[in-house]
file structure-v3.tsv (TSV, C-alpha atoms and all ligand atoms)
chain	number	residue	atom	x	y	z
A	1	MET	CA	-16.25	-26.44	-8.20
A	2	THR	CA	-13.45	-23.94	-8.00
A	3	ASP	CA	-11.06	-23.11	-5.16
A	4	ILE	CA	-10.64	-19.45	-6.04
A	5	VAL	CA	-13.20	-16.97	-7.33
A	6	THR	CA	-12.43	-13.39	-8.29
A	7	LEU	CA	-14.94	-10.55	-8.55
A	8	THR	CA	-14.39	-7.54	-10.83
A	9	MET	CA	-17.23	-5.01	-10.83
A	10	ASN	CA	-15.52	-2.56	-13.18
A	11	PRO	CA	-13.73	-4.61	-15.86
A	12	ALA	CA	-12.30	-3.04	-19.00
A	13	LEU	CA	-11.23	-3.94	-22.47
A	14	ASP	CA	-7.74	-2.41	-22.58
A	15	ILE	CA	-6.75	-1.13	-26.00
A	16	SER	CA	-3.14	-0.10	-26.46
A	17	THR	CA	-1.31	1.29	-29.46
A	18	THR	CA	1.62	3.45	-30.50
A	19	ALA	CA	1.95	6.86	-32.15
A	20	ASP	CA	4.96	8.89	-33.16
A	21	ARG	CA	3.70	11.92	-31.22
A	22	VAL	CA	0.51	12.73	-29.35
A	23	VAL	CA	-0.53	16.26	-30.34
A	24	ALA	CA	-3.65	18.38	-29.98
A	25	THR	CA	-6.02	19.17	-32.88
A	26	ASP	CA	-4.28	17.12	-35.60
A	27	LYS	CA	-5.25	13.52	-36.15
A	28	VAL	CA	-2.84	11.26	-34.30
A	29	ARG	CA	-2.15	8.27	-36.59
A	30	CYS	CA	-1.75	5.17	-34.44
A	31	GLY	CA	-0.21	1.74	-34.89
A	32	VAL	CA	-2.00	-1.60	-34.85
A	33	PRO	CA	-4.09	-1.77	-31.66
A	34	ARG	CA	-3.70	-4.54	-29.15
A	35	ARG	CA	-6.55	-5.67	-26.96
A	36	ASP	CA	-6.09	-7.08	-23.47
A	37	PRO	CA	-8.45	-7.94	-20.66
A	38	GLY	CA	-8.40	-5.41	-17.82
A	39	GLY	CA	-9.71	-5.04	-14.28
A	40	GLY	CA	-8.27	-6.09	-10.94
A	41	GLY	CA	-10.03	-9.41	-10.30
A	42	ILE	CA	-9.77	-10.46	-13.95
A	43	ASN	CA	-6.01	-9.94	-13.85
A	44	VAL	CA	-5.74	-11.86	-10.60
A	45	ALA	CA	-7.62	-14.79	-12.23
A	46	ARG	CA	-5.34	-14.59	-15.29
A	47	VAL	CA	-2.18	-14.73	-13.19
A	48	LEU	CA	-3.51	-17.55	-11.01
A	49	THR	CA	-4.40	-19.54	-14.13
A	50	ALA	CA	-0.92	-18.89	-15.54
A	51	LEU	CA	0.55	-20.09	-12.22
A	52	GLY	CA	-1.39	-23.36	-12.57
A	53	GLU	CA	-4.07	-22.58	-9.99
A	54	PRO	CA	-7.28	-22.05	-11.94
A	55	ALA	CA	-9.62	-19.34	-10.74
A	56	THR	CA	-13.08	-18.36	-11.91
A	57	ALA	CA	-13.63	-14.70	-12.74
A	58	VAL	CA	-17.07	-13.26	-12.00
A	59	PHE	CA	-17.84	-9.95	-13.68
A	60	PRO	CA	-20.59	-7.91	-15.38
A	61	SER	CA	-20.27	-7.81	-19.15
A	62	GLY	CA	-22.15	-5.82	-21.78
A	63	GLY	CA	-22.09	-4.94	-25.46
A	64	HIS	CA	-19.40	-5.72	-28.06
A	65	SER	CA	-16.60	-4.72	-25.69
A	66	GLY	CA	-17.92	-7.16	-23.08
A	67	ARG	CA	-17.99	-9.99	-25.60
A	68	ALA	CA	-14.47	-9.13	-26.78
A	69	LEU	CA	-13.31	-9.19	-23.16
A	70	GLU	CA	-14.96	-12.59	-22.60
A	71	ASP	CA	-13.27	-13.99	-25.74
A	72	LEU	CA	-9.84	-12.75	-24.66
A	73	ILE	CA	-10.20	-14.30	-21.23
A	74	ALA	CA	-11.41	-17.59	-22.69
A	75	SER	CA	-8.41	-17.68	-25.04
A	76	GLU	CA	-6.15	-17.62	-21.96
A	77	GLY	CA	-8.04	-20.55	-20.46
A	78	VAL	CA	-9.51	-18.47	-17.64
A	79	ARG	CA	-12.92	-19.63	-16.45
A	80	ALA	CA	-15.59	-16.95	-16.29
A	81	HIS	CA	-19.05	-16.50	-14.87
A	82	THR	CA	-20.43	-13.34	-16.44
A	83	VAL	CA	-23.53	-11.33	-15.67
A	84	THR	CA	-24.98	-9.75	-18.79
A	85	ILE	CA	-25.67	-6.04	-18.33
A	86	ARG	CA	-27.54	-3.58	-20.52
A	87	ARG	CA	-24.75	-1.02	-21.04
A	88	SER	CA	-21.37	-1.67	-22.66
A	89	THR	CA	-18.27	-2.73	-20.77
A	90	ARG	CA	-15.83	0.19	-20.68
A	91	GLU	CA	-12.74	0.45	-22.82
A	92	SER	CA	-9.43	1.92	-21.68
A	93	PHE	CA	-7.07	3.45	-24.19
A	94	THR	CA	-3.29	3.67	-23.90
A	95	VAL	CA	-1.00	5.36	-26.40
A	96	ASN	CA	2.72	4.74	-26.17
A	97	GLU	CA	4.51	7.70	-27.73
A	98	ASP	CA	7.44	6.39	-29.80
A	99	ARG	CA	9.41	9.62	-29.85
A	100	THR	CA	9.54	10.12	-26.10
A	101	GLY	CA	8.70	6.73	-24.61
A	102	LEU	CA	5.91	8.46	-22.65
A	103	GLN	CA	2.69	6.60	-22.03
A	104	TYR	CA	-0.75	8.28	-22.20
A	105	ARG	CA	-3.49	6.36	-20.43
A	106	PHE	CA	-7.14	7.28	-20.90
A	107	VAL	CA	-9.44	5.56	-18.42
A	108	LEU	CA	-13.18	5.86	-18.88
A	109	PRO	CA	-15.76	5.45	-16.13
A	110	GLY	CA	-17.50	2.11	-16.17
A	111	PRO	CA	-21.09	1.68	-17.37
A	112	GLU	CA	-23.72	2.51	-14.77
A	113	LEU	CA	-25.14	-0.68	-13.29
A	114	ALA	CA	-28.82	-1.00	-12.40
A	115	ALA	CA	-29.67	-2.24	-8.90
A	116	VAL	CA	-30.90	-5.56	-10.35
A	117	GLU	CA	-27.56	-5.97	-12.15
A	118	VAL	CA	-25.64	-5.37	-8.93
A	119	ASP	CA	-27.80	-8.00	-7.22
A	120	ALA	CA	-27.24	-10.41	-10.12
A	121	CYS	CA	-23.47	-10.03	-9.63
A	122	LEU	CA	-23.84	-10.86	-5.93
A	123	HIS	CA	-25.91	-13.93	-6.80
A	124	ALA	CA	-23.36	-15.03	-9.40
A	125	LEU	CA	-20.63	-14.64	-6.79
A	126	ALA	CA	-22.57	-16.55	-4.14
A	127	SER	CA	-23.29	-19.47	-6.49
A	128	THR	CA	-19.76	-19.65	-7.96
A	129	ALA	CA	-18.25	-19.37	-4.50
A	130	GLN	CA	-19.99	-22.49	-3.11
A	131	GLY	CA	-17.16	-24.68	-1.88
A	132	ALA	CA	-14.45	-22.15	-2.82
A	133	ARG	CA	-11.66	-21.37	-0.36
A	134	PHE	CA	-10.69	-17.87	-1.45
A	135	ILE	CA	-12.65	-15.01	-2.96
A	136	VAL	CA	-10.71	-12.05	-4.34
A	137	ALA	CA	-12.67	-8.81	-4.82
A	138	SER	CA	-10.51	-6.32	-6.64
A	139	GLY	CA	-10.69	-2.99	-8.40
A	140	SER	CA	-12.91	0.06	-8.47
A	141	LEU	CA	-16.70	0.26	-8.47
A	142	PRO	CA	-18.61	1.60	-11.48
A	143	PRO	CA	-21.48	4.10	-11.12
A	144	GLY	CA	-24.62	2.59	-9.64
A	145	VAL	CA	-22.77	0.29	-7.22
A	146	PRO	CA	-23.15	1.35	-3.55
A	147	VAL	CA	-19.95	2.51	-1.90
A	148	ASP	CA	-20.31	-0.19	0.79
A	149	PHE	CA	-20.61	-2.93	-1.85
A	150	PHE	CA	-17.47	-4.77	-0.70
A	151	GLN	CA	-18.96	-4.99	2.81
A	152	THR	CA	-22.00	-6.70	1.27
A	153	VAL	CA	-19.56	-9.03	-0.51
A	154	ALA	CA	-17.84	-9.75	2.83
A	155	ASP	CA	-21.20	-10.65	4.37
A	156	VAL	CA	-22.03	-12.96	1.43
A	157	VAL	CA	-18.60	-14.60	1.57
A	158	SER	CA	-18.75	-15.27	5.32
A	159	GLY	CA	-21.98	-17.17	4.66
A	160	VAL	CA	-20.15	-19.33	2.13
A	161	GLY	CA	-17.27	-20.07	4.49
A	162	ALA	CA	-14.49	-18.82	2.18
A	163	ARG	CA	-11.75	-16.29	2.96
A	164	LEU	CA	-12.09	-12.87	1.35
A	165	VAL	CA	-9.17	-10.87	-0.06
A	166	VAL	CA	-9.93	-7.25	-1.02
A	167	ASP	CA	-7.80	-4.93	-3.16
A	168	THR	CA	-9.51	-1.60	-3.66
A	169	SER	CA	-9.02	2.05	-2.78
A	170	GLY	CA	-10.74	5.26	-1.72
A	171	PRO	CA	-14.29	5.30	-0.31
A	172	PRO	CA	-15.03	1.58	-1.12
A	173	LEU	CA	-11.95	0.64	0.96
A	174	ARG	CA	-12.94	2.97	3.81
A	175	ALA	CA	-16.48	1.53	3.88
A	176	LEU	CA	-15.24	-1.93	4.97
A	177	ARG	CA	-16.09	-2.79	8.59
A	178	ARG	CA	-15.66	-6.53	9.14
A	179	GLY	CA	-15.38	-9.99	7.64
A	180	VAL	CA	-12.33	-9.57	5.39
A	181	TYR	CA	-9.42	-11.98	5.67
A	182	LEU	CA	-6.76	-9.97	3.86
A	183	LEU	CA	-6.57	-6.38	2.59
A	184	LYS	CA	-3.88	-5.34	0.10
A	185	PRO	CA	-3.58	-1.57	-0.02
A	186	SER	CA	-0.56	-0.02	-1.69
A	187	ILE	CA	1.26	2.54	0.45
A	188	ARG	CA	-0.42	5.29	-1.59
A	189	GLU	CA	-3.86	3.80	-0.85
A	190	LEU	CA	-3.05	3.37	2.86
A	191	ARG	CA	-1.96	7.02	3.01
A	192	ASP	CA	-5.29	8.09	1.46
A	193	TYR	CA	-7.11	5.83	3.91
A	194	VAL	CA	-5.53	7.40	7.02
A	195	GLY	CA	-5.40	10.90	5.53
A	196	HIS	CA	-1.78	11.67	6.38
A	197	ASP	CA	1.77	10.82	5.36
A	198	LEU	CA	3.30	7.51	6.47
A	199	ARG	CA	7.02	8.11	6.24
A	200	SER	CA	8.57	5.47	8.47
A	201	VAL	CA	7.94	1.73	8.48
A	202	ASP	CA	6.68	2.19	12.07
A	203	ASP	CA	4.03	4.64	10.85
A	204	GLN	CA	3.00	2.21	8.11
A	205	VAL	CA	2.76	-0.70	10.54
A	206	ALA	CA	0.75	1.37	13.04
A	207	ALA	CA	-1.74	2.42	10.33
A	208	ALA	CA	-2.14	-1.19	9.16
A	209	ARG	CA	-2.43	-2.49	12.73
A	210	ALA	CA	-5.22	0.00	13.48
A	211	ILE	CA	-7.25	-1.60	10.67
A	212	VAL	CA	-6.63	-5.10	12.06
A	213	ASP	CA	-7.42	-3.94	15.61
A	214	ARG	CA	-10.75	-2.48	14.46
A	215	GLY	CA	-11.67	-5.99	13.30
A	216	VAL	CA	-11.93	-5.11	9.62
A	217	CYS	CA	-9.57	-7.92	8.56
A	218	ALA	CA	-7.07	-10.43	9.92
A	219	VAL	CA	-4.16	-9.42	7.69
A	220	VAL	CA	-3.10	-6.18	6.00
A	221	VAL	CA	-0.42	-6.48	3.32
A	222	VAL	CA	0.86	-3.01	2.45
A	223	SER	CA	2.66	-3.10	-0.88
A	224	LEU	CA	5.59	-0.71	-1.05
A	225	GLY	CA	6.57	-0.83	-4.73
A	226	ALA	CA	10.32	-1.36	-5.08
A	227	ASP	CA	10.56	-1.71	-1.28
A	228	GLY	CA	8.47	-4.89	-1.27
A	229	ALA	CA	5.71	-5.28	1.30
A	230	VAL	CA	4.99	-5.22	4.99
A	231	HIS	CA	2.31	-7.50	6.38
A	232	VAL	CA	0.60	-6.97	9.70
A	233	THR	CA	-1.55	-9.28	11.84
A	234	THR	CA	-2.48	-9.22	15.53
A	235	GLU	CA	0.66	-11.27	16.08
A	236	GLY	CA	3.15	-8.86	14.56
A	237	ALA	CA	4.55	-7.27	11.47
A	238	GLU	CA	7.11	-8.38	8.93
A	239	HIS	CA	8.83	-6.64	6.06
A	240	THR	CA	9.48	-8.63	2.88
A	241	ARG	CA	11.96	-7.02	0.54
A	242	SER	CA	11.58	-7.14	-3.22
A	243	LEU	CA	14.26	-7.71	-5.85
A	244	HIS	CA	16.11	-5.00	-7.76
A	245	VAL	CA	14.23	-5.30	-11.02
A	246	PRO	CA	14.62	-3.09	-14.05
A	247	VAL	CA	11.18	-1.53	-14.43
A	248	VAL	CA	9.89	-2.64	-17.82
A	249	SER	CA	6.19	-2.06	-17.13
A	250	GLY	CA	4.24	-1.21	-13.98
A	251	ILE	CA	1.07	-2.80	-15.33
A	252	GLY	CA	-0.40	-5.42	-13.06
A	253	ALA	CA	2.23	-5.50	-10.29
A	254	GLY	CA	-0.40	-5.25	-7.56
A	255	ASP	CA	-2.74	-7.77	-9.23
A	256	SER	CA	0.14	-10.21	-9.72
A	257	MET	CA	1.09	-9.78	-6.09
A	258	VAL	CA	-2.43	-10.57	-4.90
A	259	ALA	CA	-2.49	-13.64	-7.17
A	260	GLY	CA	0.87	-14.80	-5.77
A	261	ILE	CA	-0.29	-14.43	-2.16
A	262	VAL	CA	-3.53	-16.33	-2.83
A	263	PHE	CA	-1.58	-19.01	-4.74
A	264	GLY	CA	0.56	-19.64	-1.65
A	265	LEU	CA	-2.36	-19.56	0.79
A	266	THR	CA	-4.35	-22.01	-1.35
A	267	ARG	CA	-1.45	-24.43	-1.06
A	268	GLY	CA	-1.51	-24.09	2.70
A	269	TRP	CA	1.74	-22.14	2.97
A	270	GLU	CA	2.51	-19.96	5.96
A	271	LEU	CA	1.47	-16.34	5.52
A	272	ARG	CA	5.04	-15.06	5.30
A	273	ASP	CA	5.88	-17.48	2.47
A	274	ALA	CA	2.69	-16.61	0.62
A	275	VAL	CA	3.50	-12.89	0.92
A	276	ARG	CA	7.01	-13.60	-0.36
A	277	TYR	CA	5.54	-15.43	-3.35
A	278	GLY	CA	3.30	-12.38	-3.89
A	279	VAL	CA	6.29	-10.04	-3.79
A	280	ALA	CA	8.03	-12.36	-6.29
A	281	ALA	CA	4.99	-12.21	-8.60
A	282	GLY	CA	4.91	-8.40	-8.35
A	283	ALA	CA	8.61	-8.23	-9.20
A	284	ALA	CA	8.10	-10.62	-12.13
A	285	ALA	CA	5.26	-8.42	-13.46
A	286	ILE	CA	7.41	-5.28	-13.18
A	287	GLY	CA	10.06	-6.99	-15.31
A	288	SER	CA	7.60	-8.23	-17.98
A	289	PRO	CA	7.14	-6.19	-21.14
A	290	GLY	CA	3.98	-4.36	-22.19
A	291	THR	CA	0.69	-5.62	-20.94
A	292	ALA	CA	2.05	-9.09	-20.10
A	293	LEU	CA	1.53	-9.98	-16.46
A	294	CYS	CA	3.86	-12.71	-15.26
A	295	ASP	CA	4.58	-16.37	-15.91
A	296	ARG	CA	5.21	-19.22	-13.53
A	297	ALA	CA	8.89	-19.82	-14.34
A	298	GLU	CA	9.76	-16.16	-13.75
A	299	VAL	CA	7.78	-15.98	-10.50
A	300	ASP	CA	9.47	-19.16	-9.25
A	301	ARG	CA	12.86	-17.74	-10.20
A	302	CYS	CA	12.16	-14.48	-8.31
A	303	TYR	CA	10.84	-16.47	-5.33
A	304	ALA	CA	13.96	-18.63	-5.22
A	305	LEU	CA	16.14	-15.50	-5.31
A	306	LEU	CA	14.16	-13.91	-2.47
A	307	SER	CA	14.21	-17.12	-0.44
A	308	SER	CA	17.97	-17.49	-0.80
A	309	GLY	CA	18.25	-14.37	1.28
A	310	GLY	CA	18.59	-11.62	-1.03
A	311	ALA	CA	17.19	-8.57	-2.56
A	312	GLY	CA	19.71	-9.34	-5.29
A	313	GLU	CA	19.68	-8.37	-8.93
A	314	THR	CA	17.45	-10.45	-11.18
B	401	LIG	N1	10.11	-1.15	-8.91
B	401	LIG	C1	9.89	-2.35	-8.36
B	401	LIG	N2	10.91	-3.19	-8.10
B	401	LIG	C2	10.71	-4.39	-7.55
B	401	LIG	N3	9.50	-4.87	-7.20
B	401	LIG	C3	8.43	-4.08	-7.42
B	401	LIG	C4	8.56	-2.79	-8.00
B	401	LIG	N4	7.33	-2.23	-8.10
B	401	LIG	C5	6.47	-3.15	-7.62
B	401	LIG	N5	7.12	-4.25	-7.20
B	401	LIG	C6	6.52	-5.45	-6.61
B	401	LIG	O1	5.11	-5.47	-6.88
B	401	LIG	C7	4.37	-5.32	-5.65
B	401	LIG	C8	3.15	-4.46	-5.89
B	401	LIG	O2	3.53	-3.19	-6.37
B	401	LIG	P1	2.93	-1.83	-5.81
B	401	LIG	O3	3.28	-1.66	-4.38
B	401	LIG	O4	3.34	-0.73	-6.74
B	401	LIG	O5	1.35	-2.10	-5.85
B	401	LIG	P2	0.21	-1.64	-6.86
B	401	LIG	O6	-1.02	-2.28	-6.35
B	401	LIG	O7	0.63	-1.95	-8.26
B	401	LIG	O8	0.16	-0.07	-6.62
B	401	LIG	P3	-1.04	0.94	-6.95
B	401	LIG	O9	-2.33	0.18	-6.83
B	401	LIG	O10	-0.90	2.05	-5.91
B	401	LIG	O11	-0.77	1.41	-8.34
B	401	LIG	C9	5.37	-4.75	-4.64
B	401	LIG	O12	5.01	-5.08	-3.33
B	401	LIG	C10	6.67	-5.43	-5.10
B	401	LIG	O13	6.71	-6.76	-4.65
B	402	MG	MG	-3.02	-1.74	-6.71
call {"tool": "encode", "arguments": {"input": "structure-v3.tsv", "output": "structure tokens", "more": "lines below"}}
Ligand SMILES: Nc1ncnc2c1ncn2[C@@H]1O[C@H](COP(=O)(O)OP(=O)(O)OP(=O)(O)O)[C@@H](O)[C@H]1O
Ligand SMILES: [Mg+2]
result
Amino acid sequence: MTDIVTLTMNPALDISTTADRVVATDKVRCGVPRRDPGGGGINVARVLTALGEPATAVFPSGGHSGRALEDLIASEGVRAHTVTIRRSTRESFTVNEDRTGLQYRFVLPGPELAAVEVDACLHALASTAQGARFIVASGSLPPGVPVDFFQTVADVVSGVGARLVVDTSGPPLRALRRGVYLLKPSIRELRDYVGHDLRSVDDQVAAARAIVDRGVCAVVVVSLGADGAVHVTTEGAEHTRSLHVPVVSGIGAGDSMVAGIVFGLTRGWELRDAVRYGVAAGAAAIGSPGTALCDRAEVDRCYALLSSGGAGET
């Protein structure tokens, strides 16, 4: 049995490398490639495992890239329940240009899933989630997955008796109607959701409260990048500031934040403390080099700094 299950419908094998310059037409000679697991729910499971709270990652996996992804996850000690699919898991390709420090990120669409494969993922989730307390569904949806898929997940999860956390964007986010415990849009995603600018904190809180009032979820945590997060429930709203962190890499800040929040909730912490732990995990990820997410000691250090009252320097 596992307390936390994550679901990633559009995982990726992330390949990153370096090149002196990225130019058209000529061959761009690259450095030694590095392979990392990618995809929202997979990253959340990786961070939770690193924090000492094991999670099981459920995801579709196909071809050589799928097997490579499974091996990488296993080497980090992350439990997985995979659904074998006919097409290959997608690969994402990042080139860091040495001369300029610019980063070029090429993101491919995921493999199209057949209806039976989508159903198999739901079954895998339902069986893994028996007895679990939190389910985290995170990331985009590949072709072939209905836009209201996360609503189907919410219906499955309410049957299991677990709490559902969703981190997604665009039409799959808009298609949610009920049954979610916590939604974690970034401010950019919330803006897309409401279709207009959200300049003041009051505007942001009102937009998040409208989602809670419609009964979609109990909690909305809006992540605000360097400004931390604001969380809204029927009882009120609270802003949690982040730390002043030198931005080393933006990779995985949101996923680390979700993992931090779920870590706190699993331990029975109050929502505000769990959100603060999430903000600490996001800050720790921002300060970690390359594709590294965050480690427990750094998250605890950031959390202690935040709890001692300050958005101080790290
Ligand atoms: N520059 C920063 N300085 C300090 N903390 C940060 C910074 N950027 C992100 N964080 C932390 O990480 C959390 C998540 O970051 P962010 O709001 O960018 O979400 P995201 O999901 O990565 O965004 P998106 O999905 O739109 O790319 C923030 O709430 C904050 O706690
Ligand atoms: Mg995000």
call {"tool": "residues_around", "arguments": {"input": "structure-v3.tsv", "residues": "A:Gln103", "least_positions_apart": "6", "cutoff": "10 Å", "atoms": "all atoms listed in the file", "output": "ChimeraX atom specification"}}
result
/A:16-18,22,94-97
call {"tool": "residues_near_ligand", "arguments": {"input": "structure-v3.tsv", "ligand": "ligand MG 402 (chain B)", "cutoff": "9 Å", "atoms": "only C-alpha atoms and all ligand atoms", "output": "ChimeraX atom specification"}}
result
/A:40,138-139,167-169,184-186,189,223,252-255
call {"tool": "residues_around", "arguments": {"input": "structure-v3.tsv", "residues": "A:Glu298", "least_positions_apart": "6", "cutoff": "9 Å", "atoms": "all atoms listed in the file", "output": "ChimeraX atom specification"}}
result
/A:280-281,284-285
call {"tool": "atom_distance", "arguments": {"input": "structure-v3.tsv", "atom1": "atom CA of A:Ser65", "atom2": "atom CA of A:Phe263"}}
result
29.5 Å
call {"tool": "residues_around", "arguments": {"input": "structure-v3.tsv", "residues": "A:Ala292", "least_positions_apart": "4", "cutoff": "10 Å", "atoms": "only C-alpha atoms", "output": "MDAnalysis selection string"}}
result
chainID A and resid 36 47 249 251:252 285:288
call {"tool": "write_last_selection", "arguments": {"input": "structure-v3.tsv", "atoms": "C-alpha atoms", "output": "compact mmCIF listing (two decimals), keeping the file's coordinate frame"}}
result
# COMPACT_ATOMS: atom_id res chain seq x y z
CA ASP A 36 -6.09 -7.08 -23.47
CA VAL A 47 -2.18 -14.73 -13.19
CA SER A 249 6.19 -2.06 -17.13
CA ILE A 251 1.07 -2.80 -15.33
CA GLY A 252 -0.40 -5.42 -13.06
CA ALA A 285 5.26 -8.42 -13.46
CA ILE A 286 7.41 -5.28 -13.18
CA GLY A 287 10.06 -6.99 -15.31
CA SER A 288 7.60 -8.23 -17.98
call {"tool": "axis_aligned_box", "arguments": {"input": "structure-v3.tsv", "around": "stretch 197-212 of chain A", "padding_each_side": "8 Å", "output": "AutoDock Vina command-line options"}}
result
--center_x 0.7 --center_y 2.9 --center_z 9.4 --size_x 31.8 --size_y 31.9 --size_z 24.1
call {"tool": "atom_distance", "arguments": {"input": "structure-v3.tsv", "atom1": "atom CA of A:Cys217", "atom2": "atom CA of A:Val118"}}
result
23.9 Å
call {"tool": "closest_residue", "arguments": {"input": "structure-v3.tsv", "among": "A:Gly110, A:Gly39, A:Gly309, A:Gly144", "to": "ligand LIG 401 (chain B)", "atoms": "all atoms listed in the file"}}
result
A:Gly39
call {"tool": "closest_residue", "arguments": {"input": "structure-v3.tsv", "among": "A:Leu69, A:Tyr104, A:Val279, A:Ser61", "to": "A:Thr84", "atoms": "all atoms listed in the file"}}
result
A:Ser61
call {"tool": "closest_residue", "arguments": {"input": "structure-v3.tsv", "among": "A:Leu243, A:Leu164, A:Leu306, A:Ala137", "to": "ligand LIG 401 (chain B)", "atoms": "all atoms listed in the file"}}
result
A:Leu243
